[in-house]
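For reference, the structure discussed in these notes is given below.
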Amino acid sequence: MANVLVNAPKTARKGDVVEIKALILHPMETGYRAGTNGRLIPRNIIERFSATWNGVEIFRMDFSPAIAANPYVAFTAVATETGTIAFRWTGDENFAVEHQVPIQVT
Amino acid sequence: MTALRFLFGLAAVFVASFALAQTDPRHSGYHDMGAALQKMQDDDTANPAMLFVQQGEPLWRQKAGTANKSCADCHHEAAATMKGVAARYPAIPKGADQPVDLEGRINLCRTENQQAPALAAESPELLALTAYVALQSRGQPISPPDDQRLTSFRERGAALYRTRAGQLNLACSNCHDDNAGKKLGGATIPQGHPTGYPIYRLEWQTLGSLKRRLRNCLVGMRTEAWDFTDPQYIALELYLMQRARGLALDAPAVRP
């Protein structure tokens with residue numbers, strides 16, 4: 001079950017710098033750990049996180065195995081126009097989660 | 001002028017020391033954390049434990065077992081009916097003679113009322129449901145029940161708390177009473193009040209119960225950790241809740 005917590009302002013003034021925070025439930029299994037049977041647990045991480053504002057990319061980040069479980073990303077953007085901020089996480093084992101929040105720019 | 005200022009100063013010191021003597025020396029582990037972690041816990045969109053709460057809510061409404069009942073079918077809205085519940089457990093359920101903790105109570109509901117198999121200790125479902133129930137008691141003072149039948153269990157817990165064990169020959173009290181607030185390695189030793197369970201522990205990178213935390217301490221003392229079903233945990237939890245009586249719950253908490 002995809003499970004996401006996003007904290008972004010619902011309204012902003014045009015030109016404002018807004019802080020956007022996104023948290024997602026994910027084990028971020030490194031691929032370097034051995035299980036109880038002694039075999040390596042296959043790597044299962046999020047590889048890429050991106051955010052778009054009305055379809056325009058405003059933030060992108062590549063994740064590595066060194067990032068802890070349930071990664072939390074905070075970034076800033078300049079409020080330009082009313083619309084939707086869309087988030088996308090993709091990774092190993094066909095992991096793909098999308099989440100959208102509306103924002104009103106005045 | 002200086003004499004006057006001195007008098008004022010003296011009065012201020014007197015008032016401050018009086019206030020200090022009046023305050024409770026006990027505090028939640030929340031106050032032993034750095035500002036960054038406190039902020040993480042306080043912000044429900046940054047607290048990773050809330051991811052589990054988010055999963056607990058649908059579980060609360062999901063029908064289970066041969067009785068085909070959900071938690072909500074009997075208990076309705078958790079915000080109203082579960083308020084303060086996490087602050088009371090462990091307790092002895094109706095018709096039983098042994099105390100159970102919150103996880104045990106949820107599993108009793110599953111096996112008896114829902115006719116469903118009990119959830120495994122530390123399973124994501126059990127933790128999510130416990131976190132969802134515990135959240136409803138946030139800010140409530142810990143108020144263990146005044147049940148005479150619990151006295152012997154609490155005494156057993158108190159004895160366990162003070163019994164040295166393991167290769168390091170430590171009792172709980174050696175750290176959490178005698179040396180609380182001091183450093184163990186880089187970490188501050190907390191007073192050991194169970195205010196925030198289930199907790200999201202950064203070291204675990206996931207949510208965990210008070211039992212898991214106690215097992216952690218047992219391993220740290222280099223003694224053999226008890227099995228998850230061992231009644232000694234419940235006795236110890238009963239004593240810890242008694243010891244923390246009146247402190248506000250801050251579940252689901254973040255801890256280092």
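Ligands are numbered from 1 in the order shown, chains are lettered A, B, ... in the order of the structure tokens, and residues start at 1 in each chain.
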*Could you name the residues that touch Trp53 of chain A at 12 Å or less, counting only C-alpha atoms, but leaving out those on the same chain fewer than 6 positions away, as an MDAnalysis selection string?*
chainID A and resid 20 59 76:88 100:105
Output for the residues just chosen: C-alpha atoms as a tab-separated table (two decimals), in the first residue's frame:
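This is the output file selection-v7.tsv:
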chain	number	residue	atom	x	y	z
A	20	ILE	CA	7.25	21.59	0.19
A	59	PHE	CA	12.56	19.30	-8.29
A	76	THR	CA	11.50	25.05	-1.95
A	77	ALA	CA	9.89	26.45	-5.08
A	78	VAL	CA	8.69	29.83	-6.28
A	79	ALA	CA	4.89	30.07	-6.49
A	80	THR	CA	4.01	30.87	-10.08
A	81	GLU	CA	0.44	29.87	-10.85
A	82	THR	CA	-2.62	28.15	-9.41
A	83	GLY	CA	-2.74	24.45	-10.12
A	84	THR	CA	-1.41	21.10	-8.98
A	85	ILE	CA	1.88	19.98	-7.53
A	86	ALA	CA	2.44	16.35	-8.51
A	87	PHE	CA	4.96	14.03	-6.86
A	88	ARG	CA	6.31	10.82	-8.29
A	100	GLN	CA	-1.00	15.34	-6.10
A	101	VAL	CA	-1.86	18.38	-4.03
A	102	PRO	CA	-3.69	21.52	-5.21
A	103	ILE	CA	-2.28	25.01	-4.63
A	104	GLN	CA	-4.00	28.36	-5.01
A	105	VAL	CA	-1.72	31.25	-6.09
_Distance filter 6 Å, only C-alpha atoms, chain A against chain B, as a PyMOL selection string_ = chain A and resi 5+7+69
*Extract the full set of helix (DSSP H, G or I) residues from segment 30-89 of chain B according to DSSP on the backbone, and format it as a ChimeraX atom specification.*
/B:30-32,35-42,49-61,71-75,78-81
Can you write just those residues out, N, CA and C atoms, as a JSON list (two decimals), in the first residue's frame?
[["chain", "number", "residue", "atom", "x", "y", "z"],
["B", 30, "TYR", "N", 10.82, 12.72, 25.36],
["B", 30, "TYR", "CA", 10.72, 13.81, 24.38],
["B", 30, "TYR", "C", 11.66, 14.95, 24.75],
["B", 31, "HIS", "N", 11.76, 15.22, 26.08],
["B", 31, "HIS", "CA", 12.56, 16.36, 26.52],
["B", 31, "HIS", "C", 14.06, 16.05, 26.55],
["B", 32, "ASP", "N", 14.43, 14.79, 26.32],
["B", 32, "ASP", "CA", 15.85, 14.44, 26.25],
["B", 32, "ASP", "C", 16.36, 14.47, 24.81],
["B", 35, "ALA", "N", 16.32, 19.50, 19.47],
["B", 35, "ALA", "CA", 15.23, 20.31, 18.93],
["B", 35, "ALA", "C", 14.75, 19.76, 17.57],
["B", 36, "ALA", "N", 15.68, 19.25, 16.77],
["B", 36, "ALA", "CA", 15.31, 18.78, 15.43],
["B", 36, "ALA", "C", 14.35, 17.59, 15.52],
["B", 37, "LEU", "N", 14.65, 16.66, 16.45],
["B", 37, "LEU", "CA", 13.79, 15.48, 16.60],
["B", 37, "LEU", "C", 12.44, 15.86, 17.20],
["B", 38, "GLN", "N", 12.46, 16.83, 18.13],
["B", 38, "GLN", "CA", 11.19, 17.28, 18.71],
["B", 38, "GLN", "C", 10.30, 17.87, 17.64],
["B", 39, "LYS", "N", 10.90, 18.63, 16.74],
["B", 39, "LYS", "CA", 10.15, 19.24, 15.64],
["B", 39, "LYS", "C", 9.58, 18.16, 14.73],
["B", 40, "MET", "N", 10.39, 17.13, 14.49],
["B", 40, "MET", "CA", 9.96, 16.03, 13.64],
["B", 40, "MET", "C", 8.74, 15.34, 14.23],
["B", 41, "GLN", "N", 8.76, 15.15, 15.56],
["B", 41, "GLN", "CA", 7.63, 14.49, 16.21],
["B", 41, "GLN", "C", 6.39, 15.39, 16.22],
["B", 42, "ASP", "N", 6.60, 16.68, 16.43],
["B", 42, "ASP", "CA", 5.46, 17.60, 16.56],
["B", 42, "ASP", "C", 4.72, 17.82, 15.26],
["B", 49, "ALA", "N", 5.87, 8.10, 12.06],
["B", 49, "ALA", "CA", 4.89, 7.22, 12.72],
["B", 49, "ALA", "C", 3.50, 7.47, 12.16],
["B", 50, "MET", "N", 3.26, 8.68, 11.64],
["B", 50, "MET", "CA", 1.94, 9.00, 11.10],
["B", 50, "MET", "C", 1.65, 8.21, 9.82],
["B", 51, "LEU", "N", 2.70, 7.71, 9.16],
["B", 51, "LEU", "CA", 2.49, 6.85, 7.99],
["B", 51, "LEU", "C", 1.77, 5.57, 8.42],
["B", 52, "PHE", "N", 2.13, 5.09, 9.63],
["B", 52, "PHE", "CA", 1.52, 3.87, 10.14],
["B", 52, "PHE", "C", 0.10, 4.16, 10.64],
["B", 53, "VAL", "N", -0.08, 5.33, 11.26],
["B", 53, "VAL", "CA", -1.42, 5.73, 11.70],
["B", 53, "VAL", "C", -2.35, 5.78, 10.49],
["B", 54, "GLN", "N", -1.82, 6.29, 9.39],
["B", 54, "GLN", "CA", -2.58, 6.40, 8.16],
["B", 54, "GLN", "C", -3.04, 5.02, 7.67],
["B", 55, "GLN", "N", -2.23, 3.99, 7.98],
["B", 55, "GLN", "CA", -2.63, 2.63, 7.62],
["B", 55, "GLN", "C", -3.55, 2.02, 8.65],
["B", 56, "GLY", "N", -3.44, 2.51, 9.88],
["B", 56, "GLY", "CA", -4.26, 1.97, 10.96],
["B", 56, "GLY", "C", -5.73, 2.32, 10.81],
["B", 57, "GLU", "N", -6.01, 3.51, 10.26],
["B", 57, "GLU", "CA", -7.40, 3.94, 10.15],
["B", 57, "GLU", "C", -8.23, 3.02, 9.25],
["B", 58, "PRO", "N", -7.78, 2.69, 8.01],
["B", 58, "PRO", "CA", -8.56, 1.73, 7.22],
["B", 58, "PRO", "C", -8.66, 0.36, 7.88],
["B", 59, "LEU", "N", -7.61, -0.05, 8.63],
["B", 59, "LEU", "CA", -7.66, -1.34, 9.32],
["B", 59, "LEU", "C", -8.76, -1.33, 10.38],
["B", 60, "TRP", "N", -8.95, -0.18, 11.02],
["B", 60, "TRP", "CA", -9.99, -0.01, 12.04],
["B", 60, "TRP", "C", -11.38, -0.26, 11.44],
["B", 61, "ARG", "N", -11.54, 0.11, 10.17],
["B", 61, "ARG", "CA", -12.85, -0.01, 9.51],
["B", 61, "ARG", "C", -12.99, -1.29, 8.68],
["B", 71, "CYS", "N", -13.38, -3.26, 13.80],
["B", 71, "CYS", "CA", -13.27, -2.58, 15.10],
["B", 71, "CYS", "C", -14.37, -1.54, 15.21],
["B", 72, "ALA", "N", -14.60, -0.81, 14.10],
["B", 72, "ALA", "CA", -15.56, 0.30, 14.09],
["B", 72, "ALA", "C", -17.00, -0.19, 14.32],
["B", 73, "ASP", "N", -17.30, -1.45, 13.96],
["B", 73, "ASP", "CA", -18.66, -1.95, 14.14],
["B", 73, "ASP", "C", -19.07, -1.93, 15.61],
["B", 74, "CYS", "N", -18.13, -2.23, 16.51],
["B", 74, "CYS", "CA", -18.43, -2.19, 17.95],
["B", 74, "CYS", "C", -18.04, -0.85, 18.55],
["B", 75, "HIS", "N", -16.84, -0.37, 18.20],
["B", 75, "HIS", "CA", -16.27, 0.80, 18.90],
["B", 75, "HIS", "C", -16.55, 2.11, 18.19],
["B", 78, "ALA", "N", -13.11, 5.99, 16.60],
["B", 78, "ALA", "CA", -12.01, 5.84, 17.54],
["B", 78, "ALA", "C", -11.71, 7.14, 18.28],
["B", 79, "ALA", "N", -11.89, 8.28, 17.60],
["B", 79, "ALA", "CA", -11.57, 9.59, 18.21],
["B", 79, "ALA", "C", -12.35, 9.79, 19.52],
["B", 80, "ALA", "N", -13.56, 9.21, 19.58],
["B", 80, "ALA", "CA", -14.36, 9.36, 20.80],
["B", 80, "ALA", "C", -14.17, 8.17, 21.73],
["B", 81, "THR", "N", -14.24, 6.95, 21.19],
["B", 81, "THR", "CA", -14.28, 5.78, 22.06],
["B", 81, "THR", "C", -12.90, 5.34, 22.53]]
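The space separating atom CA of Thr195 of chain B from atom CA of Arg88 of chain B comes to 11.5 Å.
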*Taking the DSSP assignment computed from this structure's backbone, write out as a ChimeraX atom specification all residues of segment 5-106 of chain A that belong to strand (DSSP E or B).*
/A:5-7,11-12,17-24,29,34,40,44,46-53,56-62,72-78,83-91,95-105
Would you output that residue set with C-alpha atoms, as an mmCIF file, in the first residue's frame?
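So out.cif came out as:
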data_model
loop_
_atom_site.group_PDB
_atom_site.id
_atom_site.type_symbol
_atom_site.label_atom_id
_atom_site.label_comp_id
_atom_site.auth_asym_id
_atom_site.auth_seq_id
_atom_site.Cartn_x
_atom_site.Cartn_y
_atom_site.Cartn_z
ATOM 1 C CA LEU A 5 2.442 12.400 3.679
ATOM 2 C CA VAL A 6 2.882 15.720 1.885
ATOM 3 C CA ASN A 7 3.086 19.120 3.558
ATOM 4 C CA THR A 11 -2.386 29.034 -0.816
ATOM 5 C CA ALA A 12 0.535 31.288 -1.706
ATOM 6 C CA VAL A 17 9.037 30.983 -1.952
ATOM 7 C CA VAL A 18 7.081 27.998 -0.599
ATOM 8 C CA GLU A 19 8.495 25.013 1.267
ATOM 9 C CA ILE A 20 7.252 21.591 0.195
ATOM 10 C CA LYS A 21 7.871 18.447 2.260
ATOM 11 C CA ALA A 22 7.182 14.892 1.179
ATOM 12 C CA LEU A 23 7.429 11.688 3.229
ATOM 13 C CA ILE A 24 6.831 8.180 1.885
ATOM 14 C CA GLU A 29 16.519 -2.117 1.513
ATOM 15 C CA ALA A 34 22.100 -10.629 4.714
ATOM 16 C CA LEU A 40 21.744 -11.176 0.629
ATOM 17 C CA ASN A 44 14.753 -2.546 -3.018
ATOM 18 C CA ILE A 46 13.395 4.251 -4.514
ATOM 19 C CA GLU A 47 15.629 5.379 -7.355
ATOM 20 C CA ARG A 48 14.101 8.679 -8.287
ATOM 21 C CA PHE A 49 11.819 11.308 -6.819
ATOM 22 C CA SER A 50 10.458 14.172 -8.865
ATOM 23 C CA ALA A 51 7.947 16.974 -8.391
ATOM 24 C CA THR A 52 6.146 18.951 -11.074
ATOM 25 C CA TRP A 53 4.083 22.134 -10.830
ATOM 26 C CA VAL A 56 6.736 21.664 -15.200
ATOM 27 C CA GLU A 57 9.466 19.907 -13.271
ATOM 28 C CA ILE A 58 10.516 21.877 -10.191
ATOM 29 C CA PHE A 59 12.564 19.296 -8.288
ATOM 30 C CA ARG A 60 14.261 15.982 -9.001
ATOM 31 C CA MET A 61 16.421 13.772 -6.841
ATOM 32 C CA ASP A 62 18.225 10.456 -7.308
ATOM 33 C CA TYR A 72 11.672 12.556 3.810
ATOM 34 C CA VAL A 73 12.455 15.242 1.252
ATOM 35 C CA ALA A 74 12.002 18.988 1.762
ATOM 36 C CA PHE A 75 12.603 21.560 -0.951
ATOM 37 C CA THR A 76 11.495 25.049 -1.948
ATOM 38 C CA ALA A 77 9.892 26.451 -5.075
ATOM 39 C CA VAL A 78 8.693 29.833 -6.283
ATOM 40 C CA GLY A 83 -2.738 24.453 -10.124
ATOM 41 C CA THR A 84 -1.414 21.098 -8.982
ATOM 42 C CA ILE A 85 1.884 19.976 -7.532
ATOM 43 C CA ALA A 86 2.441 16.354 -8.506
ATOM 44 C CA PHE A 87 4.964 14.026 -6.864
ATOM 45 C CA ARG A 88 6.313 10.815 -8.294
ATOM 46 C CA TRP A 89 8.498 8.165 -6.670
ATOM 47 C CA THR A 90 9.872 5.326 -8.795
ATOM 48 C CA GLY A 91 12.242 2.516 -7.928
ATOM 49 C CA PHE A 95 7.731 0.740 -7.443
ATOM 50 C CA ALA A 96 5.782 3.727 -8.756
ATOM 51 C CA VAL A 97 3.690 6.075 -6.627
ATOM 52 C CA GLU A 98 2.071 9.337 -7.588
ATOM 53 C CA HIS A 99 0.506 11.929 -5.345
ATOM 54 C CA GLN A 100 -1.003 15.340 -6.097
ATOM 55 C CA VAL A 101 -1.862 18.383 -4.030
ATOM 56 C CA PRO A 102 -3.688 21.522 -5.214
ATOM 57 C CA ILE A 103 -2.279 25.009 -4.629
ATOM 58 C CA GLN A 104 -3.997 28.363 -5.010
ATOM 59 C CA VAL A 105 -1.716 31.248 -6.086
#
_Surrounding residues of His176 of chain B excluding itself and chain neighbours under 4 positions, 10 Å, only C-alpha atoms, as a list in words_ =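 My reading of the contact set: Tyr161, Ala171, Cys172, Ala180, Gly181, Lys182, Ile189, Pro190, Gln191, Gly192 and His193 of chain B.
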*asked:* Set the distance at 9 Å and use only C-alpha atoms: which residues neighbour Pro90 of chain B once local chain neighbours fewer than 4 positions away are removed? I'd like the list as a count of residues only.
replied: 14
